[in-house]
Amino acid sequence: MNAAEFDIWIRSERTNAQQSNRSPESLSVALLERLHTDLNTWDNSVTAVVYTWRQFEAKQVQGSGVEKDPALATGSGTMQLINALLPLVQDRSLLQARLQSIKANLLLEYGALEEAEKIFFAAINHLTGLQLEVDVNRIYNMTIRGQVLLRLGQKQEAERIFLDVLSYPWYLVRETDVQVSLREYYISSAIGLIECRRGDLPALKNIFFVPATEYELKPILEEAIREATVN
């Protein structure tokens, strides 16, 4: 089965399991076998199996009178499945974060607050790294698009994009290589902004830079201001 066919099978089997109120063990086995053999599997297919376990076990506990002891959380089918899945999806940050979030919420339900906090922290770390990767790509594409718009003579739209790039707090990024790239995009966008406002003295005088980039940008801005003053 390809990924789409497997997803359809998962959802059909999940419905059958829910209607018959039986354990979704067969879903877990099929999913783990698929991931162990590196077959393409959608994130939503993975979480569908996990949530099926969550719903099944919630019904089992509901009305049983059994107190939710933290020790019981680690032995639940949901927790065992998540722990088996995490090593198999290490290269999928968003899925890792989703699984860890489910795991942390399960621990919360059982009163394991300290353990839940640690898992939430791990989920946040995965999402932060993913967000930073997205931000770098977004800033790069915005910078290039602004430059293209400037070449097309669409200065107003280009200026809006350059200002958006300049508002990104790249200097707060801890990863050195990422910060270097973001700084370069900042400088390129700042130069683009100067070009957009070239000849407009009041607008040029209203341009300000992060101090760490003044060495590169101040001479360019001062030259543009001198030209605007003469003209």
# chains A, B, ... in the order shown; residues from 1 in each chain; ligands from 1
$ residues_around --residues "Asn83 (chain A)" --least-positions-apart "2" --cutoff "12 Å" --atoms "only C-alpha atoms" --output "compact mmCIF listing (two decimals) with C-alpha atoms, in the first residue's frame"
# COMPACT_ATOMS: atom_id res chain seq x y z
CA SER A 28 -0.34 -0.43 16.13
CA LEU A 32 5.07 0.01 13.46
CA VAL A 50 -2.42 7.15 18.61
CA ALA A 73 0.22 6.21 32.57
CA THR A 74 3.52 4.64 31.54
CA GLY A 75 1.88 1.24 31.17
CA SER A 76 -0.99 2.42 28.99
CA GLY A 77 -1.24 1.27 25.39
CA THR A 78 -1.14 4.88 24.21
CA MET A 79 2.10 5.59 26.05
CA GLN A 80 3.74 2.36 24.90
CA LEU A 81 2.83 3.13 21.29
CA LEU A 85 7.05 5.59 17.58
CA LEU A 86 9.36 8.38 18.73
CA PRO A 87 12.66 6.67 17.74
CA LEU A 88 11.18 5.85 14.32
CA VAL A 89 10.28 9.46 13.44
CA GLN A 90 13.34 11.32 14.68
CA GLN A 96 7.79 14.38 17.09
CA LEU A 99 3.48 12.87 19.73
CA GLN A 100 5.28 14.45 22.67
CA ILE A 102 -0.07 13.87 23.37
CA LYS A 103 2.30 12.08 25.75
CA ALA A 104 2.59 15.13 28.01
CA ILE A 119 7.91 16.39 27.74
$ closest_atom_pairs --of "region 43-127 of chain A" --to "region 131-143 of chain A" --cutoff "12 Å" --atoms "only C-alpha atoms" --output "tab-separated table"
residue	atom	partner	partner_atom	distance
A:Ser93	CA	A:Gln131	CA	10.1
A:Leu94	CA	A:Gln131	CA	9.8
A:Ala97	CA	A:Gln131	CA	12.0
A:Ile124	CA	A:Gln131	CA	10.2
A:Asn125	CA	A:Gln131	CA	9.8
A:His126	CA	A:Gln131	CA	8.7
A:Leu127	CA	A:Gln131	CA	5.9
$ atom_distance --atom1 "CA of Gln147 (chain A)" --atom2 "CA of Val173 (chain A)"
24.3 Å
$ closest_residue --among "A:Phe120, A:Phe208, A:Trp42, A:Tyr110" --to "Leu193 (chain A)" --atoms "only C-alpha atoms"
A:Phe208
$ select_by_dssp --residues "region 3-209 of chain A" --states "helix (DSSP H, G or I)" --output "JSON, numbers by chain"
{"A": [3, 4, 5, 6, 7, 8, 9, 10, 11, 12, 13, 14, 15, 16, 17, 18, 19, 20, 25, 26, 27, 28, 29, 30, 31, 32, 33, 34, 35, 36, 43, 44, 45, 46, 47, 48, 49, 50, 51, 52, 53, 54, 55, 56, 57, 58, 59, 60, 61, 70, 71, 72, 73, 74, 77, 78, 79, 80, 81, 82, 83, 84, 85, 86, 87, 88, 89, 93, 94, 95, 96, 97, 98, 99, 100, 101, 102, 103, 104, 105, 106, 107, 108, 109, 113, 114, 115, 116, 117, 118, 119, 120, 121, 122, 123, 124, 125, 126, 127, 128, 129, 130, 131, 132, 133, 134, 135, 136, 137, 138, 139, 140, 141, 142, 143, 144, 145, 146, 147, 148, 149, 150, 151, 155, 156, 157, 158, 159, 160, 161, 162, 163, 164, 165, 166, 170, 171, 172, 176, 177, 178, 179, 180, 181, 182, 183, 184, 185, 186, 187, 188, 189, 190, 191, 192, 193, 194, 195, 196, 201, 202, 203, 204, 205]}
$ closest_residue --among "A:Ser188, A:Asn105, A:Gln55, A:Ser26" --to "Ile220 (chain A)" --atoms "only C-alpha atoms"
A:Ser188
$ atom_distance --atom1 "CA of Ser20 (chain A)" --atom2 "CA of Ala48 (chain A)"
17.4 Å
$ residues_around --residues "Glu184 (chain A)" --least-positions-apart "5" --cutoff "12 Å" --atoms "only C-alpha atoms" --output "list in words"
Val136, Ile139, Tyr140, Thr143, Ile144, Val165, Leu166, Trp170, Tyr171, Asp177, Val178, Gln179, Ser189, Ala190, Ile191, Ala212, Thr213, Glu216 and Leu217 of chain A
$ decode --residues "region 27-50 of chain A" --atoms "C-alpha atoms" --output "PDB file, in the first residue's frame"
ATOM      1  CA  LEU A  27      -3.444  -0.799  13.962  1.00  0.00           C
ATOM      2  CA  SER A  28      -0.338  -0.429  16.126  1.00  0.00           C
ATOM      3  CA  VAL A  29       1.265  -3.545  14.661  1.00  0.00           C
ATOM      4  CA  ALA A  30       0.609  -2.457  11.069  1.00  0.00           C
ATOM      5  CA  LEU A  31       1.870   1.075  11.714  1.00  0.00           C
ATOM      6  CA  LEU A  32       5.074   0.006  13.458  1.00  0.00           C
ATOM      7  CA  GLU A  33       5.857  -2.605  10.799  1.00  0.00           C
ATOM      8  CA  ARG A  34       5.411   0.039   8.121  1.00  0.00           C
ATOM      9  CA  LEU A  35       7.703   2.546   9.839  1.00  0.00           C
ATOM     10  CA  HIS A  36      10.338  -0.103  10.558  1.00  0.00           C
ATOM     11  CA  THR A  37      10.547  -0.805   6.814  1.00  0.00           C
ATOM     12  CA  ASP A  38      10.779   2.932   5.985  1.00  0.00           C
ATOM     13  CA  LEU A  39       7.592   2.962   3.927  1.00  0.00           C
ATOM     14  CA  ASN A  40       6.176   6.426   3.307  1.00  0.00           C
ATOM     15  CA  THR A  41       3.538   7.120   5.953  1.00  0.00           C
ATOM     16  CA  TRP A  42       1.610  10.332   6.515  1.00  0.00           C
ATOM     17  CA  ASP A  43       1.864  12.115   9.864  1.00  0.00           C
ATOM     18  CA  ASN A  44      -1.931  12.109  10.145  1.00  0.00           C
ATOM     19  CA  SER A  45      -1.971   8.318   9.770  1.00  0.00           C
ATOM     20  CA  VAL A  46       0.407   8.015  12.721  1.00  0.00           C
ATOM     21  CA  THR A  47      -1.567  10.342  14.977  1.00  0.00           C
ATOM     22  CA  ALA A  48      -4.847   8.676  13.931  1.00  0.00           C
ATOM     23  CA  VAL A  49      -3.629   5.398  15.448  1.00  0.00           C
ATOM     24  CA  VAL A  50      -2.424   7.150  18.606  1.00  0.00           C
TER      25      VAL A  50
END
